[in-house]
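Taking it in order: structure first as C-alpha coordinates, then the write-up.
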Amino acid sequence: MAYDVQTWVSVAALSGGGMAMGFGAIGAAIGEGYTAARANEAISRNPELSGDIFKTMLVGQAIAESASIFALVIAMMLLFTKFAAHILMVPVLLGAGLAMGMGAIGAGVGAGYPAGACCTGMARQPAMGGRLTTNMLIGSAVCQTPAIFALVVAFILLFTDFSQSPVSPTWAAILGAGISAGFGAIGSGLGGGLVAQASCEGIARQPLTATPVTNVMLLGQAVTQTTAIYALLVSFILMFKTFPATDLIAPPMALLAAGICMGIGAIGPAIGEGLAGQSAVAGIARNQEHVAELTRLMLVGQAVAESTGIYSLVIALILIFVV
Amino acid sequence: MAIEGVDIVKAAAYIGAGISMGFGAIGPGIGEGMAAAKACEAIGKNPKEAGLLTRTMLVGQAVAESTGIYSLVIALLLLFVV
(Lines give C-alpha, C1' and ligand atoms only; values in the text may rest on other atoms or scores of the structure.)
Protein backbone atom coordinates (compact mmCIF):
# COMPACT_ATOMS: atom_id res chain seq x y z
CA MET A 1 0.00 0.00 0.00
CA ALA A 2 1.75 3.15 -1.21
CA TYR A 3 0.62 6.66 -0.43
CA ASP A 4 1.35 9.71 -2.58
CA VAL A 5 3.67 12.52 -1.49
CA GLN A 6 0.79 14.86 -0.62
CA THR A 7 -0.45 12.37 1.99
CA TRP A 8 2.96 12.17 3.65
CA VAL A 9 3.25 15.98 3.67
CA SER A 10 -0.13 16.21 5.43
CA VAL A 11 0.91 13.54 7.93
CA ALA A 12 4.10 15.49 8.69
CA ALA A 13 2.20 18.80 9.02
CA LEU A 14 -0.31 17.36 11.46
CA SER A 15 2.25 15.52 13.60
CA GLY A 16 4.57 18.55 13.52
CA GLY A 17 1.73 20.77 14.69
CA GLY A 18 0.93 18.35 17.49
CA MET A 19 4.56 18.24 18.62
CA ALA A 20 4.89 22.03 18.53
CA MET A 21 1.93 22.61 20.80
CA GLY A 22 2.29 19.49 22.94
CA PHE A 23 5.93 20.04 23.92
CA GLY A 24 5.48 23.81 23.78
CA ALA A 25 2.85 23.74 26.51
CA ILE A 26 5.07 22.04 29.11
CA GLY A 27 7.34 24.92 30.09
CA ALA A 28 4.84 27.77 30.23
CA ALA A 29 2.49 25.77 32.45
CA ILE A 30 5.23 24.86 34.94
CA GLY A 31 6.57 28.43 35.01
CA GLU A 32 3.15 29.97 35.53
CA GLY A 33 2.25 27.47 38.21
CA TYR A 34 5.47 28.27 40.05
CA THR A 35 4.67 32.00 39.84
CA ALA A 36 1.16 31.48 41.16
CA ALA A 37 2.45 29.35 44.03
CA ARG A 38 4.95 32.01 45.09
CA ALA A 39 2.30 34.73 44.69
CA ASN A 40 0.02 32.88 47.10
CA GLU A 41 2.86 32.49 49.55
CA ALA A 42 3.56 36.21 49.28
CA ILE A 43 -0.07 37.21 49.78
CA SER A 44 -0.35 35.04 52.87
CA ARG A 45 2.71 36.81 54.27
CA ASN A 46 1.49 40.31 53.44
CA PRO A 47 -2.24 40.34 52.62
CA GLU A 48 -2.43 44.15 52.41
CA LEU A 49 -0.38 44.10 49.22
CA SER A 50 -2.53 41.48 47.52
CA GLY A 51 -3.45 43.88 44.68
CA ASP A 52 0.16 44.63 43.70
CA ILE A 53 1.25 41.03 44.08
CA PHE A 54 -1.67 39.82 41.99
CA LYS A 55 -0.79 42.31 39.24
CA THR A 56 2.88 41.25 39.28
CA MET A 57 1.87 37.61 39.10
CA LEU A 58 -0.24 38.27 35.99
CA VAL A 59 2.52 40.26 34.26
CA GLY A 60 5.08 37.54 35.03
CA GLN A 61 2.76 34.81 33.84
CA ALA A 62 2.07 36.72 30.62
CA ILE A 63 5.80 36.71 29.82
CA ALA A 64 6.12 33.01 30.65
CA GLU A 65 3.15 32.40 28.34
CA SER A 66 4.77 34.07 25.33
CA ALA A 67 6.91 31.07 24.36
CA SER A 68 3.91 28.80 24.24
CA ILE A 69 2.06 31.40 22.15
CA PHE A 70 4.92 31.12 19.62
CA ALA A 71 4.30 27.36 19.69
CA LEU A 72 0.57 27.92 19.14
CA VAL A 73 1.29 30.15 16.12
CA ILE A 74 3.57 27.52 14.55
CA ALA A 75 1.04 24.76 15.30
CA MET A 76 -1.76 26.77 13.63
CA MET A 77 0.44 27.45 10.59
CA LEU A 78 1.25 23.76 10.26
CA LEU A 79 -2.40 22.77 10.60
CA PHE A 80 -4.01 25.25 8.22
CA THR A 81 -1.43 25.98 5.49
CA LYS A 82 -1.56 24.07 2.23
CA PHE A 83 2.01 22.90 1.72
CA ALA A 84 3.61 21.96 -1.60
CA ALA A 85 3.67 18.25 -2.38
CA HIS A 86 7.43 17.77 -2.22
CA ILE A 87 9.06 14.99 -0.28
CA LEU A 88 11.44 17.42 1.51
CA MET A 89 8.43 19.15 3.06
CA VAL A 90 8.12 16.12 5.38
CA PRO A 91 11.35 16.82 7.34
CA VAL A 92 10.70 20.58 7.09
CA LEU A 93 7.34 20.31 8.84
CA LEU A 94 8.53 17.80 11.44
CA GLY A 95 11.67 19.86 12.09
CA ALA A 96 9.76 23.13 12.47
CA GLY A 97 7.30 21.53 14.91
CA LEU A 98 10.05 19.92 16.95
CA ALA A 99 12.17 23.10 17.03
CA MET A 100 9.34 25.29 18.31
CA GLY A 101 7.89 22.71 20.71
CA MET A 102 11.19 21.90 22.43
CA GLY A 103 12.35 25.50 22.15
CA ALA A 104 9.45 26.76 24.26
CA ILE A 105 10.10 24.52 27.29
CA GLY A 106 13.09 26.30 28.83
CA ALA A 107 11.80 29.82 28.22
CA GLY A 108 8.48 29.06 29.92
CA VAL A 109 9.97 27.51 33.03
CA GLY A 110 12.79 30.05 33.16
CA ALA A 111 10.50 33.09 32.98
CA GLY A 112 8.45 31.69 35.87
CA TYR A 113 11.41 31.79 38.29
CA PRO A 114 12.00 35.58 38.39
CA ALA A 115 8.24 36.23 38.35
CA GLY A 116 7.77 34.06 41.46
CA ALA A 117 10.75 35.65 43.22
CA CYS A 118 9.40 39.11 42.36
CA CYS A 119 6.05 38.30 44.05
CA THR A 120 7.83 37.12 47.20
CA GLY A 121 10.11 40.14 47.10
CA MET A 122 7.18 42.56 46.95
CA ALA A 123 5.66 41.07 50.08
CA ARG A 124 8.99 41.38 51.86
CA GLN A 125 10.10 44.79 50.62
CA PRO A 126 7.09 46.71 49.20
CA ALA A 127 9.09 49.92 48.69
CA MET A 128 11.29 48.17 46.08
CA GLY A 129 8.29 47.09 43.98
CA GLY A 130 9.27 49.14 40.94
CA ARG A 131 12.87 47.96 40.89
CA LEU A 132 11.79 44.35 41.41
CA THR A 133 9.36 44.53 38.52
CA THR A 134 12.04 46.03 36.27
CA ASN A 135 14.48 43.23 37.14
CA MET A 136 11.80 40.62 36.61
CA LEU A 137 10.98 42.03 33.18
CA ILE A 138 14.63 42.23 32.05
CA GLY A 139 15.40 38.80 33.45
CA SER A 140 12.43 37.05 31.87
CA ALA A 141 13.00 38.84 28.57
CA VAL A 142 16.48 37.30 28.39
CA CYS A 143 14.92 33.87 29.11
CA GLN A 144 12.74 34.30 26.02
CA THR A 145 15.66 34.72 23.61
CA PRO A 146 16.29 30.99 23.02
CA ALA A 147 12.57 30.51 22.31
CA ILE A 148 12.84 33.31 19.76
CA PHE A 149 15.86 31.55 18.18
CA ALA A 150 13.69 28.43 17.87
CA LEU A 151 10.87 30.49 16.35
CA VAL A 152 13.27 32.02 13.80
CA VAL A 153 14.55 28.56 12.81
CA ALA A 154 10.98 27.26 12.49
CA PHE A 155 10.03 30.18 10.23
CA ILE A 156 13.17 29.84 8.08
CA LEU A 157 12.45 26.14 7.65
CA LEU A 158 8.84 26.82 6.64
CA PHE A 159 9.61 29.62 4.18
CA THR A 160 12.79 28.33 2.51
CA ASP A 161 12.41 26.60 -0.82
CA PHE A 162 14.27 23.31 -0.55
CA SER A 163 12.76 21.86 -3.75
CA GLN A 164 16.01 22.27 -5.73
CA SER A 165 18.13 20.50 -3.10
CA PRO A 166 18.94 16.78 -3.35
CA VAL A 167 16.56 14.76 -1.16
CA SER A 168 19.46 12.91 0.48
CA PRO A 169 21.22 14.27 2.56
CA THR A 170 19.12 17.47 2.75
CA TRP A 171 16.33 15.72 4.69
CA ALA A 172 18.75 14.96 7.51
CA ALA A 173 20.21 18.47 7.52
CA ILE A 174 16.70 19.96 7.86
CA LEU A 175 15.70 17.61 10.66
CA GLY A 176 19.05 18.16 12.39
CA ALA A 177 18.60 21.94 12.22
CA GLY A 178 15.21 21.65 13.93
CA ILE A 179 16.54 19.32 16.65
CA SER A 180 19.57 21.52 17.31
CA ALA A 181 17.60 24.76 17.68
CA GLY A 182 14.80 23.14 19.69
CA PHE A 183 16.75 21.12 22.26
CA GLY A 184 19.50 23.73 22.40
CA ALA A 185 17.02 26.27 23.75
CA ILE A 186 15.95 24.26 26.81
CA GLY A 187 18.99 24.81 29.00
CA SER A 188 19.54 28.48 28.24
CA GLY A 189 15.96 29.38 29.11
CA LEU A 190 16.16 27.51 32.42
CA GLY A 191 19.64 28.77 33.33
CA GLY A 192 18.80 32.39 32.57
CA GLY A 193 15.72 32.09 34.78
CA LEU A 194 17.75 30.82 37.75
CA VAL A 195 20.05 33.86 37.60
CA ALA A 196 17.14 36.30 37.29
CA GLN A 197 15.38 34.65 40.24
CA ALA A 198 18.42 35.22 42.45
CA SER A 199 18.53 38.88 41.43
CA CYS A 200 14.89 39.49 42.44
CA GLU A 201 15.42 37.67 45.74
CA GLY A 202 18.63 39.58 46.37
CA ILE A 203 17.16 43.03 45.76
CA ALA A 204 14.26 42.23 48.10
CA ARG A 205 16.73 41.17 50.78
CA GLN A 206 19.13 44.08 50.41
CA PRO A 207 17.77 46.96 48.27
CA LEU A 208 21.07 48.86 48.34
CA THR A 209 22.75 46.20 46.24
CA ALA A 210 20.36 46.64 43.31
CA THR A 211 22.99 47.98 40.88
CA PRO A 212 25.76 45.35 41.27
CA VAL A 213 23.12 42.61 41.47
CA THR A 214 21.54 43.70 38.18
CA ASN A 215 24.92 44.01 36.45
CA VAL A 216 26.10 40.56 37.50
CA MET A 217 22.68 39.11 36.65
CA LEU A 218 23.01 40.37 33.08
CA LEU A 219 26.57 39.03 32.82
CA GLY A 220 25.56 35.63 34.21
CA GLN A 221 22.52 35.41 31.95
CA ALA A 222 24.60 36.34 28.91
CA VAL A 223 26.91 33.39 29.62
CA THR A 224 23.93 31.00 29.92
CA GLN A 225 22.76 32.06 26.46
CA THR A 226 26.02 31.06 24.75
CA THR A 227 25.15 27.40 24.25
CA ALA A 228 21.80 28.35 22.68
CA ILE A 229 23.80 30.52 20.28
CA TYR A 230 26.08 27.56 19.40
CA ALA A 231 22.92 25.53 18.72
CA LEU A 232 21.53 28.32 16.52
CA LEU A 233 24.85 28.46 14.64
CA VAL A 234 24.84 24.71 13.94
CA SER A 235 21.22 24.95 12.88
CA PHE A 236 21.99 27.79 10.42
CA ILE A 237 24.95 25.88 8.96
CA LEU A 238 22.73 22.82 8.46
CA MET A 239 20.00 24.88 6.77
CA PHE A 240 22.13 27.07 4.50
CA LYS A 241 25.10 24.91 3.50
CA THR A 242 24.60 23.06 0.23
CA PHE A 243 25.37 19.37 0.53
CA PRO A 244 26.24 17.17 -2.50
CA ALA A 245 23.66 14.53 -3.42
CA THR A 246 24.44 11.03 -2.17
CA ASP A 247 23.01 7.53 -2.29
CA LEU A 248 24.81 6.43 0.85
CA ILE A 249 23.31 6.36 4.33
CA ALA A 250 26.33 7.62 6.25
CA PRO A 251 26.40 11.30 5.06
CA PRO A 252 22.78 12.09 6.05
CA MET A 253 23.25 10.34 9.40
CA ALA A 254 26.32 12.50 10.09
CA LEU A 255 24.19 15.65 9.63
CA LEU A 256 21.36 14.31 11.79
CA ALA A 257 23.90 13.36 14.47
CA ALA A 258 25.39 16.88 14.35
CA GLY A 259 21.96 18.32 15.19
CA ILE A 260 21.38 15.82 18.03
CA CYS A 261 24.88 16.35 19.42
CA MET A 262 24.69 20.15 19.58
CA GLY A 263 21.04 20.30 20.64
CA ILE A 264 21.23 17.87 23.55
CA GLY A 265 24.79 18.93 24.43
CA ALA A 266 23.68 22.53 24.97
CA ILE A 267 21.24 21.67 27.78
CA GLY A 268 23.59 20.76 30.63
CA PRO A 269 26.21 23.53 30.40
CA ALA A 270 23.53 26.23 30.27
CA ILE A 271 21.75 24.89 33.38
CA GLY A 272 25.08 24.59 35.20
CA GLU A 273 26.06 28.14 34.27
CA GLY A 274 22.67 29.29 35.52
CA LEU A 275 23.28 27.60 38.89
CA ALA A 276 26.69 29.28 39.20
CA GLY A 277 25.21 32.66 38.26
CA GLN A 278 22.36 32.19 40.73
CA SER A 279 24.70 31.67 43.67
CA ALA A 280 27.04 34.48 42.64
CA VAL A 281 24.15 36.95 42.44
CA ALA A 282 22.80 35.76 45.80
CA GLY A 283 26.25 36.17 47.32
CA ILE A 284 26.61 39.71 46.00
CA ALA A 285 23.21 40.64 47.45
CA ARG A 286 24.42 39.47 50.88
CA ASN A 287 27.86 40.95 50.75
CA GLN A 288 28.41 43.52 48.06
CA GLU A 289 32.00 44.31 49.01
CA HIS A 290 33.01 41.05 47.37
CA VAL A 291 31.56 41.77 43.94
CA ALA A 292 34.96 41.38 42.25
CA GLU A 293 35.86 38.01 43.83
CA LEU A 294 32.39 36.58 43.26
CA THR A 295 32.17 37.74 39.65
CA ARG A 296 35.60 36.33 38.89
CA LEU A 297 34.78 32.99 40.50
CA MET A 298 31.41 32.86 38.72
CA LEU A 299 33.09 33.42 35.36
CA VAL A 300 35.80 30.81 36.02
CA GLY A 301 33.19 28.27 37.13
CA GLN A 302 30.99 29.03 34.14
CA ALA A 303 33.95 28.72 31.78
CA VAL A 304 34.61 25.19 33.06
CA ALA A 305 30.90 24.31 32.75
CA GLU A 306 30.95 25.68 29.20
CA SER A 307 33.67 23.22 28.14
CA THR A 308 31.32 20.29 27.45
CA GLY A 309 29.15 22.61 25.34
CA ILE A 310 32.24 23.44 23.31
CA TYR A 311 33.09 19.73 22.92
CA SER A 312 29.57 19.24 21.53
CA LEU A 313 30.10 22.12 19.10
CA VAL A 314 33.42 20.64 17.98
CA ILE A 315 31.92 17.18 17.39
CA ALA A 316 28.96 18.73 15.54
CA LEU A 317 31.28 20.73 13.27
CA ILE A 318 33.45 17.65 12.64
CA LEU A 319 30.30 15.71 11.71
CA ILE A 320 29.25 18.45 9.26
CA PHE A 321 32.56 19.45 7.69
CA VAL A 322 35.09 16.63 8.17
CA VAL A 323 33.54 13.17 7.98
CA MET B 1 19.66 1.15 -4.37
CA ALA B 2 21.76 -1.53 -2.76
CA ILE B 3 22.80 -0.66 0.77
CA GLU B 4 26.22 -1.90 1.70
CA GLY B 5 27.17 -3.08 5.15
CA VAL B 6 30.13 -0.70 5.40
CA ASP B 7 27.82 2.25 4.77
CA ILE B 8 25.39 1.22 7.52
CA VAL B 9 28.23 0.72 9.97
CA LYS B 10 29.56 4.20 9.20
CA ALA B 11 26.09 5.71 9.60
CA ALA B 12 25.68 4.03 12.97
CA ALA B 13 29.10 5.27 14.09
CA TYR B 14 28.15 8.88 13.21
CA ILE B 15 24.82 8.68 15.03
CA GLY B 16 26.59 7.07 17.98
CA ALA B 17 29.16 9.86 18.08
CA GLY B 18 26.43 12.51 18.11
CA ILE B 19 24.47 10.78 20.87
CA SER B 20 27.62 10.13 22.90
CA MET B 21 28.78 13.74 22.96
CA GLY B 22 25.28 15.25 23.13
CA PHE B 23 23.96 13.32 26.11
CA GLY B 24 27.41 13.09 27.65
CA ALA B 25 27.57 16.88 27.90
CA ILE B 26 24.47 17.21 30.11
CA GLY B 27 25.79 15.82 33.38
CA PRO B 28 29.21 17.50 33.57
CA GLY B 29 27.65 20.86 32.66
CA ILE B 30 25.11 20.69 35.48
CA GLY B 31 27.57 19.21 37.97
CA GLU B 32 30.27 21.79 37.31
CA GLY B 33 27.67 24.51 37.65
CA MET B 34 26.68 23.15 41.07
CA ALA B 35 30.32 23.14 42.17
CA ALA B 36 30.72 26.74 41.03
CA ALA B 37 27.46 27.70 42.76
CA LYS B 38 28.56 26.29 46.10
CA ALA B 39 32.00 27.88 45.75
CA CYS B 40 30.35 31.28 45.19
CA GLU B 41 28.20 30.75 48.29
CA ALA B 42 31.23 29.77 50.33
CA ILE B 43 33.28 32.79 49.24
CA GLY B 44 30.30 34.99 50.09
CA LYS B 45 30.42 33.59 53.63
CA ASN B 46 34.16 33.42 54.07
CA PRO B 47 35.99 35.64 51.58
CA LYS B 48 39.40 35.17 53.19
CA GLU B 49 39.58 31.58 51.96
CA ALA B 50 38.95 32.58 48.32
CA GLY B 51 42.17 30.96 47.08
CA LEU B 52 41.55 27.64 48.80
CA LEU B 53 37.90 27.58 47.71
CA THR B 54 38.75 28.35 44.08
CA ARG B 55 41.35 25.57 44.04
CA THR B 56 38.91 23.06 45.53
CA MET B 57 36.23 24.12 43.05
CA LEU B 58 38.57 23.66 40.09
CA VAL B 59 39.73 20.22 41.27
CA GLY B 60 36.12 19.14 41.83
CA GLN B 61 35.11 20.43 38.44
CA ALA B 62 38.05 18.71 36.79
CA VAL B 63 36.81 15.40 38.20
CA ALA B 64 33.24 16.15 37.06
CA GLU B 65 34.60 17.06 33.63
CA SER B 66 36.14 13.61 33.22
CA THR B 67 32.91 11.98 32.01
CA GLY B 68 32.51 14.78 29.47
CA ILE B 69 36.02 14.02 28.23
CA TYR B 70 35.21 10.28 28.07
CA SER B 71 32.22 11.21 25.86
CA LEU B 72 34.47 13.33 23.68
CA VAL B 73 37.04 10.53 23.36
CA ILE B 74 34.37 7.97 22.49
CA ALA B 75 32.84 10.36 19.94
CA LEU B 76 36.23 10.96 18.32
CA LEU B 77 36.98 7.22 18.33
CA LEU B 78 33.63 6.55 16.64
CA LEU B 79 34.32 9.24 14.06
CA PHE B 80 37.92 8.52 13.16
CA VAL B 81 39.10 5.13 14.44
CA VAL B 82 36.35 2.51 14.50
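Every chain in the C-alpha coordinates has a letter given in the order shown (A, B, ...), and although residue numbers restart at 1 in each chain, ligands are simply numbered from 1 in the order shown.
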Show me, as a Markdown table, the residues of chain A having an atom within 7 Å of chain B, each with the closest atom pair and its distance in Å, using only C-alpha atoms.
```
| residue | atom | partner | partner_atom | distance |
| --- | --- | --- | --- | --- |
| A:Leu248 | CA | B:Asp7 | CA | 6.5 |
| A:Ile249 | CA | B:Ala11 | CA | 6.0 |
| A:Ala250 | CA | B:Ala11 | CA | 3.9 |
| A:Met253 | CA | B:Ala11 | CA | 5.4 |
| A:Ala254 | CA | B:Tyr14 | CA | 5.1 |
| A:Ala257 | CA | B:Gly18 | CA | 4.5 |
| A:Ala258 | CA | B:Gly18 | CA | 5.9 |
| A:Ile260 | CA | B:Gly18 | CA | 6.0 |
| A:Cys261 | CA | B:Gly22 | CA | 3.9 |
| A:Met262 | CA | B:Gly22 | CA | 6.1 |
| A:Ile264 | CA | B:Gly22 | CA | 4.8 |
| A:Gly265 | CA | B:Gly22 | CA | 3.9 |
| A:Ile267 | CA | B:Ile26 | CA | 6.0 |
| A:Gly268 | CA | B:Ile26 | CA | 3.7 |
| A:Pro269 | CA | B:Gly29 | CA | 3.8 |
| A:Ile271 | CA | B:Ile30 | CA | 5.8 |
| A:Gly272 | CA | B:Gly33 | CA | 3.6 |
| A:Glu273 | CA | B:Gly33 | CA | 5.2 |
| A:Leu275 | CA | B:Gly33 | CA | 5.5 |
| A:Ala276 | CA | B:Ala37 | CA | 4.0 |
| A:Ser279 | CA | B:Ala37 | CA | 4.9 |
| A:Ala280 | CA | B:Cys40 | CA | 5.3 |
| A:Gly283 | CA | B:Gly44 | CA | 5.0 |
| A:Asn287 | CA | B:Gly44 | CA | 6.5 |
| A:Leu294 | CA | B:Cys40 | CA | 6.0 |
| A:Leu297 | CA | B:Cys40 | CA | 6.7 |
| A:Met298 | CA | B:Ala36 | CA | 6.6 |
| A:Gly301 | CA | B:Ala36 | CA | 4.9 |
| A:Gln302 | CA | B:Gly33 | CA | 6.6 |
| A:Val304 | CA | B:Glu32 | CA | 7.0 |
| A:Ala305 | CA | B:Gly29 | CA | 4.7 |
| A:Glu306 | CA | B:Gly29 | CA | 6.8 |
| A:Thr308 | CA | B:Ala25 | CA | 5.1 |
| A:Gly309 | CA | B:Ala25 | CA | 6.5 |
| A:Tyr311 | CA | B:Leu72 | CA | 6.6 |
| A:Ser312 | CA | B:Met21 | CA | 5.7 |
```
Requested in this report: Write out as a PyMOL selection string which residues come within 7 Å of region 18-33 of chain A when counting only C-alpha atoms, dropping same-chain ones fewer than 5 positions away.
Outcome: chain A and resi 61+64-65+68+71-72+74-75+97-98+100-102+104-113
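The residue set within 8 Å of Ser235 (chain A), counting only C-alpha atoms and dropping same-chain residues fewer than 5 places from it, reads Val153, Gly176, Ala177, Gly178, Ser180, Ala181 and Gly259 of chain A.
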Report summary line: A straight line from CA of Gly17 (chain A) to CA of Val90 (chain A) spans 12.2 Å
Query raised in the report: Leaving out Asn135 (chain A) and any residue of its chain fewer than 3 positions from it, which residues lie within 12 Å of it when counting only C-alpha atoms, given as a VMD selection string?
Result: chain A and resid 56 60 111 113 to 115 117 to 119 121 128 to 132 138 to 142 193 195 to 204 210 to 211 213 to 218
Only N, CA and C atoms, please: the residues just picked out, written as an mmCIF file, in the first residue's frame.
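What ended up in selection.cif:
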```cif
data_model
loop_
_atom_site.group_PDB
_atom_site.id
_atom_site.type_symbol
_atom_site.label_atom_id
_atom_site.label_comp_id
_atom_site.auth_asym_id
_atom_site.auth_seq_id
_atom_site.Cartn_x
_atom_site.Cartn_y
_atom_site.Cartn_z
ATOM 1 N N THR A 56 1.548 41.741 39.660
ATOM 2 C CA THR A 56 2.884 41.252 39.278
ATOM 3 C C THR A 56 2.814 39.818 38.797
ATOM 4 N N GLY A 60 4.066 38.599 35.146
ATOM 5 C CA GLY A 60 5.080 37.544 35.035
ATOM 6 C C GLY A 60 4.568 36.346 34.263
ATOM 7 N N ALA A 111 11.154 31.809 32.709
ATOM 8 C CA ALA A 111 10.504 33.087 32.981
ATOM 9 C C ALA A 111 9.659 33.024 34.252
ATOM 10 N N TYR A 113 10.576 31.632 37.093
ATOM 11 C CA TYR A 113 11.415 31.794 38.291
ATOM 12 C C TYR A 113 11.501 33.250 38.765
ATOM 13 N N PRO A 114 11.924 34.199 37.909
ATOM 14 C CA PRO A 114 11.995 35.585 38.394
ATOM 15 C C PRO A 114 10.618 36.136 38.755
ATOM 16 N N ALA A 115 9.575 35.714 38.044
ATOM 17 C CA ALA A 115 8.243 36.225 38.353
ATOM 18 C C ALA A 115 7.827 35.808 39.764
ATOM 19 N N ALA A 117 9.896 34.966 42.247
ATOM 20 C CA ALA A 117 10.747 35.653 43.220
ATOM 21 C C ALA A 117 10.331 37.106 43.380
ATOM 22 N N CYS A 118 9.838 37.713 42.304
ATOM 23 C CA CYS A 118 9.396 39.107 42.355
ATOM 24 C C CYS A 118 8.165 39.238 43.262
ATOM 25 N N CYS A 119 7.233 38.272 43.180
ATOM 26 C CA CYS A 119 6.046 38.301 44.051
ATOM 27 C C CYS A 119 6.470 38.213 45.521
ATOM 28 N N GLY A 121 9.348 38.944 46.764
ATOM 29 C CA GLY A 121 10.106 40.140 47.101
ATOM 30 C C GLY A 121 9.214 41.320 47.423
ATOM 31 N N MET A 128 10.448 48.458 47.252
ATOM 32 C CA MET A 128 11.285 48.175 46.085
ATOM 33 C C MET A 128 10.477 47.601 44.925
ATOM 34 N N GLY A 129 9.146 47.720 44.992
ATOM 35 C CA GLY A 129 8.288 47.094 43.981
ATOM 36 C C GLY A 129 8.671 47.437 42.556
ATOM 37 N N GLY A 130 8.963 48.723 42.311
ATOM 38 C CA GLY A 130 9.271 49.145 40.944
ATOM 39 C C GLY A 130 10.538 48.495 40.444
ATOM 40 N N ARG A 131 11.585 48.525 41.290
ATOM 41 C CA ARG A 131 12.870 47.960 40.894
ATOM 42 C C ARG A 131 12.758 46.451 40.673
ATOM 43 N N LEU A 132 11.974 45.795 41.558
ATOM 44 C CA LEU A 132 11.791 44.348 41.413
ATOM 45 C C LEU A 132 11.107 44.007 40.093
ATOM 46 N N ILE A 138 13.371 42.422 32.801
ATOM 47 C CA ILE A 138 14.632 42.232 32.050
ATOM 48 C C ILE A 138 15.020 40.759 32.078
ATOM 49 N N GLY A 139 14.970 40.193 33.294
ATOM 50 C CA GLY A 139 15.402 38.804 33.452
ATOM 51 C C GLY A 139 14.561 37.852 32.626
ATOM 52 N N SER A 140 13.229 38.013 32.645
ATOM 53 C CA SER A 140 12.433 37.052 31.874
ATOM 54 C C SER A 140 12.528 37.320 30.383
ATOM 55 N N ALA A 141 12.822 38.583 30.004
ATOM 56 C CA ALA A 141 12.999 38.840 28.572
ATOM 57 C C ALA A 141 14.203 38.072 28.045
ATOM 58 N N VAL A 142 15.302 38.041 28.843
ATOM 59 C CA VAL A 142 16.485 37.296 28.394
ATOM 60 C C VAL A 142 16.150 35.808 28.264
ATOM 61 N N GLY A 193 16.746 31.866 33.762
ATOM 62 C CA GLY A 193 15.721 32.088 34.776
ATOM 63 C C GLY A 193 16.270 31.973 36.187
ATOM 64 N N VAL A 195 19.279 32.663 37.250
ATOM 65 C CA VAL A 195 20.053 33.861 37.596
ATOM 66 C C VAL A 195 19.102 35.023 37.909
ATOM 67 N N ALA A 196 18.070 35.195 37.085
ATOM 68 C CA ALA A 196 17.138 36.305 37.291
ATOM 69 C C ALA A 196 16.382 36.148 38.611
ATOM 70 N N GLN A 197 16.066 34.904 38.969
ATOM 71 C CA GLN A 197 15.383 34.646 40.240
ATOM 72 C C GLN A 197 16.241 35.137 41.406
ATOM 73 N N ALA A 198 17.533 34.797 41.365
ATOM 74 C CA ALA A 198 18.418 35.218 42.453
ATOM 75 C C ALA A 198 18.497 36.737 42.532
ATOM 76 N N SER A 199 18.426 37.414 41.381
ATOM 77 C CA SER A 199 18.530 38.878 41.425
ATOM 78 C C SER A 199 17.294 39.483 42.093
ATOM 79 N N CYS A 200 16.101 38.953 41.796
ATOM 80 C CA CYS A 200 14.891 39.493 42.444
ATOM 81 C C CYS A 200 14.925 39.210 43.947
ATOM 82 N N GLU A 201 15.349 37.996 44.315
ATOM 83 C CA GLU A 201 15.421 37.672 45.743
ATOM 84 C C GLU A 201 16.441 38.565 46.452
ATOM 85 N N GLY A 202 17.563 38.793 45.770
ATOM 86 C CA GLY A 202 18.628 39.580 46.372
ATOM 87 C C GLY A 202 18.230 41.026 46.587
ATOM 88 N N ILE A 203 17.552 41.622 45.622
ATOM 89 C CA ILE A 203 17.155 43.027 45.758
ATOM 90 C C ILE A 203 16.134 43.177 46.885
ATOM 91 N N ALA A 204 15.248 42.169 47.014
ATOM 92 C CA ALA A 204 14.261 42.230 48.098
ATOM 93 C C ALA A 204 14.948 42.114 49.457
ATOM 94 N N ALA A 210 21.067 46.831 44.581
ATOM 95 C CA ALA A 210 20.360 46.640 43.309
ATOM 96 C C ALA A 210 21.269 46.773 42.088
ATOM 97 N N THR A 211 22.179 47.770 42.092
ATOM 98 C CA THR A 211 22.990 47.985 40.885
ATOM 99 C C THR A 211 23.976 46.842 40.621
ATOM 100 N N VAL A 213 23.881 43.849 41.696
ATOM 101 C CA VAL A 213 23.118 42.613 41.471
ATOM 102 C C VAL A 213 22.605 42.552 40.038
ATOM 103 N N THR A 214 22.073 43.696 39.543
ATOM 104 C CA THR A 214 21.545 43.696 38.176
ATOM 105 C C THR A 214 22.667 43.495 37.160
ATOM 106 N N ASN A 215 23.815 44.150 37.399
ATOM 107 C CA ASN A 215 24.923 44.010 36.452
ATOM 108 C C ASN A 215 25.387 42.562 36.359
ATOM 109 N N VAL A 216 25.607 41.939 37.529
ATOM 110 C CA VAL A 216 26.103 40.560 37.504
ATOM 111 C C VAL A 216 25.033 39.625 36.962
ATOM 112 N N MET A 217 23.754 39.929 37.227
ATOM 113 C CA MET A 217 22.678 39.107 36.653
ATOM 114 C C MET A 217 22.785 39.096 35.135
ATOM 115 N N LEU A 218 22.959 40.297 34.546
ATOM 116 C CA LEU A 218 23.012 40.368 33.084
ATOM 117 C C LEU A 218 24.223 39.613 32.539
#
```
